[in-house]
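Colleague: If you scroll down you'll find the structure; I have some questions about it.
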Amino acid sequence: MQEAHQRIGKLLAGNHLEQAQGHLQALSPAAIHAPLWMALADRLATDGRWDQARQALLAASTHLPLHAPFLIALCERLIDMGEVVASRRCLALLEQAPSPPAELSRRLGVLRASLGEHRLARPLIERAVDGGLDDPQTLFLLATQRYFDGDLNGAEHVLRNSLARAPLQGDAMVLLCSLKRQESDELLAMVNAGKRVLDAQPDKPGAAFTSAAFEYARFKILDDLGRYAEAWPALEASNRKMAALLPYAKADTEALVKELRRIRPVESTHPAAPANPELPTPIFIVGIPRSGSTLLDRMLSAHSAIADAGELTDFSRLLRQLAGMAANGNLLDAVKRHEDIDPHELGRRYLEQTSWRADGKRFYIDKLPSNVLMLPFIRQALPAARIVHITRPAMDTCYSNYKAMFGNRTTFSYDQQTLAHYYRQYRELVDHWRTSWPNSMLEVAYTDLVSEPEAQIRRVLDWCGLPFEAACLQPERNTGVVATPSGAQVRAPIHQRAIGQWHPYKDGLQPLREALGELAAD
């Protein structure tokens, strides 16, 4: 066995990958071969042979050694490849370790969180902190998990303690200010003191983002207090810094929308139901961020037959995978290869990787707004899936994006002109979907949802073939995890306070209104 491993190692070193794979396949299955399969996968990935690399990782995952560093590395690679089910097998084995050290608990918590399994992530990170890991990054992870879980007081306790020891934490300060509506300026002194320190050392690594975060925290406090004249300059300053850090690629957005518009409807050749009737049916909630998708998700997932799976990136990652690309590759390149993608295989893999999230229920919600780009692929790959498009008036939507601190998750939201451009592209694409793919999605207006919630939720449930349940009208009682920036707001009863929130800043938002043109009147 040692000689065989040495021989395979030499073949890998010489980049003779087919020969190395042949030798590995000839060996009897054993956990001791797994590191060689992973080494082969790394080589194949370096060569851009993504599907072969994925297969090699799956081979490595079939016989796992009891070695924590290897299992963590394999789990990370499987997640990157879109192989969620196999990665969970690795995690399950790792979590059987007796008395794991704090750092291992932390790593496991991060991996569970990356899969959206926040209820499993929280106790792991709690254990890491109890084991002595109390650095700012770990404490922020803990506060975030408590926030997602609805434990706002617990999150606040962790954040205040952490900021008392290390005051210049941008993420922590933003989260602290966002846990609830601020009713006093108690936090303002802390924010202003931090801002003065940051302004005095602008060249320090990371200072630009931290400064933007503190400006945002200042805006959030002042906005909550109704001190709009003071709040607006802080929001503008924060967004200017973020726009400089994260330039928006206008041409890339236009190219992607243009390519998506070229996709023509194709008659499906497979049944309008999952191949396995035992599998649950996905409900995709799509649109543009800050359009009310989290509220709709919370209302629907309060139903006894619907599970909340969170914001999943699986569909677009699997699309790239079947286009012969890395799972995090350029989406435009994958869309250009759409004719080479087998929709049946795409649907099969999606259900294989995600249906466990239904937890035995008939439906599960995939609430990733950007899946609005995936409509034709979803329709062809998963004919039985329900797609709900939630809409909101343009100015409400755009202002809500402009005042959200998304970090590096968006690039369009930090400048009024780029925000208007992105919104226009989104509307152009949705209008195209309505014409070219009629009846492909059920449309729900946010203003209708909050003004006549029972009528609207009945529409959606009827469309899914489900009876109405009164629990859907009390999303504040839904105990599920909320891993979005709306986590605090949607734990309150349904209300209409978010309608017209931009009005106090109408003068400062004039460039946005002009750039939206006729859409601003929606």
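Just remember, in the structure tokens the first chain shown is A, the second B, etc., residues are 1-based per chain, and ligands are 1-based in the order shown.
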Neighbouring residues of Ser413 of chain A were defined as those with any atom within 8 Å, considering only C-alpha atoms; residues of the same chain fewer than 4 positions away were excluded. Please report them as a ChimeraX atom specification.
Modeller: /A:398,401-402,418-419
Colleague: Between atom CA of Ala212 of chain A and atom CA of Gly170 of chain A, what distance in Å does the model show, to one decimal?
Modeller: 7.8 Å
Colleague: Would you mind listing, for every residue of segment 63-131 of chain A within 10 Å of segment 348-371 of chain A, the two atoms forming the shortest contact and the distance between them in Å to one decimal, using only C-alpha atoms, sorted by chain and ascending residue number, as a Markdown table?
Modeller:
```
| residue | atom | partner | partner_atom | distance |
| --- | --- | --- | --- | --- |
| A:Gly82 | CA | A:Gln353 | CA | 8.0 |
| A:Glu83 | CA | A:Gln353 | CA | 6.9 |
| A:Val84 | CA | A:Gln353 | CA | 5.8 |
| A:Val85 | CA | A:Gln353 | CA | 5.8 |
| A:Ala86 | CA | A:Gln353 | CA | 9.0 |
| A:Gly116 | CA | A:Arg357 | CA | 9.8 |
| A:Glu117 | CA | A:Arg357 | CA | 9.3 |
```
Colleague: When distances are computed from only C-alpha atoms, which of A:Leu74, A:Ala60, A:Leu473, A:Met38 shows the smallest separation from Ala302 of chain A?
Modeller: A:Leu473
Colleague: Identify which of the residues A:Leu44, A:Ile79, A:Leu509, A:Ala249 lies closest to Thr313 of chain A, counting only C-alpha atoms when measuring atom-to-atom distances.
Modeller: A:Ile79
Colleague: Expressed in Å to a single decimal, how great is the separation between atom CA of Leu187 of chain A and atom CA of Arg146 of chain A?
Modeller: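 Value for the atom CA of Leu187 of chain A-atom CA of Arg146 of chain A distance: 20.4 Å.
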Colleague: Counting only C-alpha atoms, which residue out of A:Tyr228, A:Tyr423, A:Lys250, A:Ala483 sits closest to His503 of chain A?
Modeller: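 So, comparing all the options, the nearest one is A:Tyr228.
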Colleague: Out of A:Glu254, A:Asp149, A:Glu103, A:Asp223, which residue has the shortest atom-to-atom distance to Glu428 of chain A when counting only C-alpha atoms?
Modeller: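 Ranked by minimum distance to Glu428 of chain A, first place goes to A:Glu254.
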Colleague: Counting only C-alpha atoms, which of A:Leu111, A:Met1, A:Ala73, A:Val490 gets nearest to Phe148 of chain A?
Modeller: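 Closest to Phe148 of chain A, using only C-alpha atoms: A:Val490.
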Colleague: Using only C-alpha atoms, pick whichever of A:Leu449, A:Ala420, A:Val335, A:Ala488 has the shortest atom-to-atom distance to Ala520 of chain A.
Modeller: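 With only C-alpha atoms as the atom set, the closest residue is A:Ala420.
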